[in-house]
Amino acid sequence: MKISLSSASWHDVQCNWLIVGVAESPELSGPVEKLDLALGGTISRLIESGDLTGKLAKLLPLHDVPGISSDRVLLVGLGNIDGLTRARFEKAMMTAVRKASSKDGMTVAICVPEAVTKAVGSATAIETTATAAIVGSQGQDSLKSEQGHFPMVSVSLLVEGAESQAATDAAARGTTIGEAINLTRELVNLPPEMIYPESFAARARAVADELGLRFEALGQDELEAERMGALLAVSQGSTRPPRVVAIRYQGGAADAPTLAIVGKGVTFDSGGLSLKPSESMITMKCDMAGAATALGAVSAIARLKLPVNVVGYMGLVENMVSGTSYKLGDILTARNGVTIEVQNTDAEGRLVLADVLSYAVEKGADRIVDLATLTGACVVALGEEVTGAFTNNQDWCDGITDAAAVAGEEIWQMPMFDHFEELLKSDVADCRNIGGRWGGAISAAKFLEKFVEGKPWVHLDIAGPSFASSNTPHREGGATGCMVRTLVEAAAALAR
Ligand code: BES
Ligand code: MN
Ligand code: ZN
């Protein structure tokens with residue numbers, strides 16, 4: 001999909017859809033006022049009749065627009081301009097793009113009004129619009145015979161100062177991030193018969209090859225040699241062999257610190273012998289969203305050539321039921337020697353991450369962020385839209401939450417009080433893999449902390465926000481690609 005910038009007037013742009021943001025304000029101004037003139041007062045009349053309110057993300061398509069070059073106009077509400085944030089602007093753009101991309105072969109022009117560039121900054125407005133154009137035009141229905149969304153033939157961003165290098169950079173950055181988000185979404189949305197440890201690893205290799213990144217995949221034998229007893233136990237009930245993938249981007253100096261982005265990649269979580277009921281299992285293809293996010297983020301960071309050193313680590317297994325499944329009461333020895341009593345085979349993500357985290361530390365990670373669809377408890381605590389953050393290092397956690405604020409994504413830090421660790425005590429091993437009924441997202445994080453050897457670490461529990469249960473006007477259901485933006489921003493901040 002071609003995204004270009006233009007300072008041409010919307011008046012003369014030939015396209016199938018002209019998207020124009022309208023503020024929730026009684027007076028017409030900027031491009032909307034000019035559009036009203038060109039359309040002979042149509043917009044004023046629509047406001048008067050109450051059909052056009054400018055409320056955030058409300059759409060009003062106009063199909064009959066003589067007097068301008070575009071076939072149709074799509075008015076989209078921006079809400080109160082004084083309260084406009086990046087996240088709200090994105091919601092408006094996503095809603096509009098989803099509407100305009102519901103038919104194949106569309107050419108689209110998006111007017112980015114000065115009021116918006118003033119409110120959120122010119123680069124942010126351009127970047128956000130480009131990302132929305134890419135993400136909003138890809139659906140989760142690639143395997144349907146008739147699709148609901150189609151990448152546009154071309155998207156032209158109409159903005160003041162379109163010729164500037166800053167504008168060009170912002171559009172390119174938004175495009176790259178949008179493509180990375182779509183990569184993450186695509187992998188998560190594909191069914192578990194198509195995405196399993198080997199096929200995920202093959203896809204990661206293809207990404208690495210394309211970008212010239214160093215790639216490493218450990219199979220069963222290598223994982224045994226690495227003593228990854230916790231990860232291997234989860235995998236042992238499956239006919240699909242496990243993989244641990246590392247993909248390395250060296251954008252900084254050789255002696256500069258390395259950021260490890262570690263992802264939980266359970267390509268299907270049946271719960272194992274602690275079997276999930278069907279309603280909970282239906283969406284468990286999403287349990288590799290952490291790994292897909294790590295891959296998406298590293299690909300964007302590399303494509304943007306950020307001057308940082310980043311390694312993405314993906315722990316890829318299937319959690320299945322069979323005669324060879326790991327069992328309740330089993331005592332596993334993790335890679336770092338910690339012994340773990342298994343009390344629930346559905347608390348498998350932490351076992352996978354335990355070994356991958358200690359591997360990342362040994363391979364020289366100076367700071368770590370992990371992403372995991374780890375606990376239903378986190379969804380109970382924070383709802384379906386908010387990522388939970390857990391840390392052993394407040395400065396690094398602030399780095400991540402600040403990046404999320406810039407990126408317009410929602411994160412909330414959870415406490416890590418000492419007493420939560422006691423919930424993990426076992427009579428027969430160093431610890432057990434569940435913490436009991438209450439505070440389950442925190443005890444899970446406390447478990448992970450045992451494997452990062454004191455390195456600055458942030459754990460992001462994305463069980464809620466990584467996967468949406470249904471379509472809404474501003475977002476396709478299924479995988480969301482959440483946290484790709486935040487990770488790119490966090491890496492960019494480290495580079496500064
Ligand atoms: N993959 C699940 C967590 C999950 C729940 C992800 C809902 C996405 C949506 C994880 O492996 C799991 O099953 N966690 C258990 C832990 C419990 C057994 C301690 C849970 O949350 O119930
Ligand atoms: Mn589970
Ligand atoms: Zn899981």
# chains A, B, ... in the order shown; residues from 1 in each chain; ligands from 1
call {"tool": "select_by_dssp", "arguments": {"residues": "stretch 5-185 of chain A", "states": "strand (DSSP E or B)", "output": "short mmCIF file (atom, residue, chain, number, x, y, z; two decimals) with N, CA, C and O atoms, in the first residue's frame"}}
result
data_model
loop_
_atom_site.label_atom_id
_atom_site.label_comp_id
_atom_site.auth_asym_id
_atom_site.auth_seq_id
_atom_site.Cartn_x
_atom_site.Cartn_y
_atom_site.Cartn_z
N LEU A 5 2.75 11.80 0.88
CA LEU A 5 2.39 13.07 1.50
C LEU A 5 2.14 14.08 0.40
O LEU A 5 2.81 14.06 -0.63
N SER A 6 1.21 14.96 0.65
CA SER A 6 0.95 15.97 -0.37
C SER A 6 0.47 17.26 0.30
O SER A 6 -0.27 17.22 1.29
N TRP A 17 -12.22 8.27 -1.77
CA TRP A 17 -12.66 8.78 -0.47
C TRP A 17 -11.75 9.92 -0.03
O TRP A 17 -10.53 9.78 -0.05
N LEU A 18 -12.37 10.99 0.39
CA LEU A 18 -11.62 12.05 1.06
C LEU A 18 -12.06 12.04 2.52
O LEU A 18 -13.23 12.25 2.83
N ILE A 19 -11.10 11.76 3.40
CA ILE A 19 -11.41 11.69 4.83
C ILE A 19 -11.07 13.03 5.49
O ILE A 19 -9.93 13.53 5.35
N VAL A 20 -12.04 13.61 6.16
CA VAL A 20 -11.82 14.91 6.80
C VAL A 20 -12.28 14.85 8.25
O VAL A 20 -13.41 14.46 8.54
N GLY A 21 -11.37 15.21 9.16
CA GLY A 21 -11.72 15.24 10.59
C GLY A 21 -12.50 16.50 10.92
O GLY A 21 -12.19 17.59 10.44
N VAL A 22 -13.53 16.33 11.73
CA VAL A 22 -14.39 17.46 12.12
C VAL A 22 -14.41 17.57 13.64
O VAL A 22 -14.77 16.61 14.33
N ALA A 23 -14.02 18.74 14.14
CA ALA A 23 -14.03 18.92 15.59
C ALA A 23 -15.46 19.12 16.09
O ALA A 23 -16.33 19.55 15.35
N LEU A 59 -18.85 8.71 12.35
CA LEU A 59 -18.65 8.87 10.91
C LEU A 59 -19.89 9.44 10.24
O LEU A 59 -21.02 9.13 10.64
N LEU A 60 -19.65 10.24 9.21
CA LEU A 60 -20.75 10.64 8.33
C LEU A 60 -20.25 10.62 6.89
O LEU A 60 -19.51 11.51 6.45
N PRO A 61 -20.62 9.57 6.15
CA PRO A 61 -20.21 9.51 4.74
C PRO A 61 -21.12 10.36 3.86
O PRO A 61 -22.33 10.35 4.05
N LEU A 62 -20.53 11.08 2.92
CA LEU A 62 -21.30 11.85 1.94
C LEU A 62 -20.99 11.26 0.56
O LEU A 62 -19.85 11.28 0.12
N ARG A 72 -16.28 10.73 -2.98
CA ARG A 72 -17.06 10.75 -1.74
C ARG A 72 -16.25 11.43 -0.66
O ARG A 72 -15.02 11.53 -0.75
N VAL A 73 -16.95 11.84 0.37
CA VAL A 73 -16.29 12.44 1.53
C VAL A 73 -16.68 11.63 2.76
O VAL A 73 -17.83 11.21 2.89
N LEU A 74 -15.70 11.40 3.62
CA LEU A 74 -15.99 10.73 4.89
C LEU A 74 -15.63 11.70 6.02
O LEU A 74 -14.45 11.97 6.25
N LEU A 75 -16.67 12.22 6.65
CA LEU A 75 -16.42 13.11 7.79
C LEU A 75 -16.27 12.24 9.03
O LEU A 75 -17.06 11.32 9.26
N VAL A 76 -15.23 12.54 9.82
CA VAL A 76 -15.02 11.75 11.04
C VAL A 76 -14.84 12.70 12.22
O VAL A 76 -14.06 13.66 12.14
N GLY A 77 -15.57 12.45 13.29
CA GLY A 77 -15.51 13.32 14.46
C GLY A 77 -14.18 13.22 15.19
O GLY A 77 -13.61 12.14 15.31
N LEU A 78 -13.69 14.37 15.63
CA LEU A 78 -12.43 14.40 16.40
C LEU A 78 -12.70 14.71 17.87
O LEU A 78 -11.78 14.78 18.67
N GLY A 79 -13.95 14.91 18.21
CA GLY A 79 -14.27 15.32 19.58
C GLY A 79 -13.79 16.73 19.83
O GLY A 79 -13.48 17.48 18.91
N THR A 107 -8.84 4.40 -3.58
CA THR A 107 -7.81 5.42 -3.41
C THR A 107 -8.35 6.42 -2.38
O THR A 107 -9.51 6.81 -2.45
N VAL A 108 -7.50 6.78 -1.45
CA VAL A 108 -7.96 7.56 -0.30
C VAL A 108 -7.04 8.76 -0.06
O VAL A 108 -5.82 8.64 -0.19
N ALA A 109 -7.64 9.88 0.25
CA ALA A 109 -6.86 11.03 0.71
C ALA A 109 -7.33 11.37 2.12
O ALA A 109 -8.54 11.36 2.39
N ILE A 110 -6.39 11.59 3.01
CA ILE A 110 -6.75 11.93 4.38
C ILE A 110 -6.23 13.33 4.69
O ILE A 110 -5.02 13.59 4.59
N CYS A 111 -7.15 14.19 5.00
CA CYS A 111 -6.79 15.56 5.33
C CYS A 111 -6.38 15.61 6.80
O CYS A 111 -7.15 15.24 7.67
N SER A 154 -3.95 3.46 -2.78
CA SER A 154 -3.03 4.53 -2.41
C SER A 154 -3.67 5.38 -1.32
O SER A 154 -4.90 5.49 -1.24
N VAL A 155 -2.80 5.92 -0.48
CA VAL A 155 -3.26 6.82 0.58
C VAL A 155 -2.42 8.08 0.49
O VAL A 155 -1.19 8.02 0.50
N SER A 156 -3.08 9.19 0.39
CA SER A 156 -2.36 10.45 0.30
C SER A 156 -2.69 11.27 1.55
O SER A 156 -3.85 11.50 1.85
N LEU A 157 -1.66 11.63 2.30
CA LEU A 157 -1.87 12.43 3.51
C LEU A 157 -1.73 13.90 3.13
O LEU A 157 -0.66 14.34 2.71
N LEU A 158 -2.81 14.63 3.27
CA LEU A 158 -2.79 16.05 2.92
C LEU A 158 -2.47 16.85 4.17
O LEU A 158 -3.26 16.90 5.11
#
call {"tool": "select_by_dssp", "arguments": {"residues": "stretch 244-453 of chain A", "states": "alpha helix (DSSP H)", "output": "JSON, numbers by chain"}}
result
{"A": [278, 279, 280, 281, 289, 290, 291, 292, 293, 294, 295, 296, 297, 298, 299, 300, 301, 302, 303, 349, 350, 351, 352, 353, 354, 355, 356, 357, 358, 359, 360, 361, 362, 376, 377, 378, 379, 380, 381, 382, 394, 395, 396, 397, 398, 399, 400, 401, 402, 403, 404, 405, 406, 407, 419, 420, 421, 422, 440, 441, 442, 443, 444, 445, 446, 447, 448, 449]}
call {"tool": "residues_near_ligand", "arguments": {"ligand": "ligand 1", "cutoff": "9 Å", "atoms": "only C-alpha atoms and all ligand atoms", "output": "JSON, numbers by chain"}}
result
{"A": [266, 268, 269, 270, 271, 274, 276, 280, 281, 283, 284, 286, 287, 288, 319, 343, 344, 345, 346, 347, 348, 349, 350, 372, 373, 374, 375, 376, 377, 378, 379, 433, 434, 435, 436, 437, 440, 441, 443, 444, 461, 462, 463, 464, 465, 466, 467]}
call {"tool": "closest_residue", "arguments": {"among": "A:Arg243, A:Arg173, A:Arg205, A:Lys285", "to": "ligand 2", "atoms": "only C-alpha atoms and all ligand atoms"}}
result
A:Lys285
call {"tool": "residues_around", "arguments": {"residues": "A:Leu487", "least_positions_apart": "4", "cutoff": "7 Å", "atoms": "only C-alpha atoms", "output": "ChimeraX atom specification"}}
result
/A:297,483,491
call {"tool": "residues_around", "arguments": {"residues": "A:Val458", "least_positions_apart": "6", "cutoff": "8 Å", "atoms": "only C-alpha atoms", "output": "PyMOL selection string"}}
result
chain A and resi 368-370+389-393+396-397+400
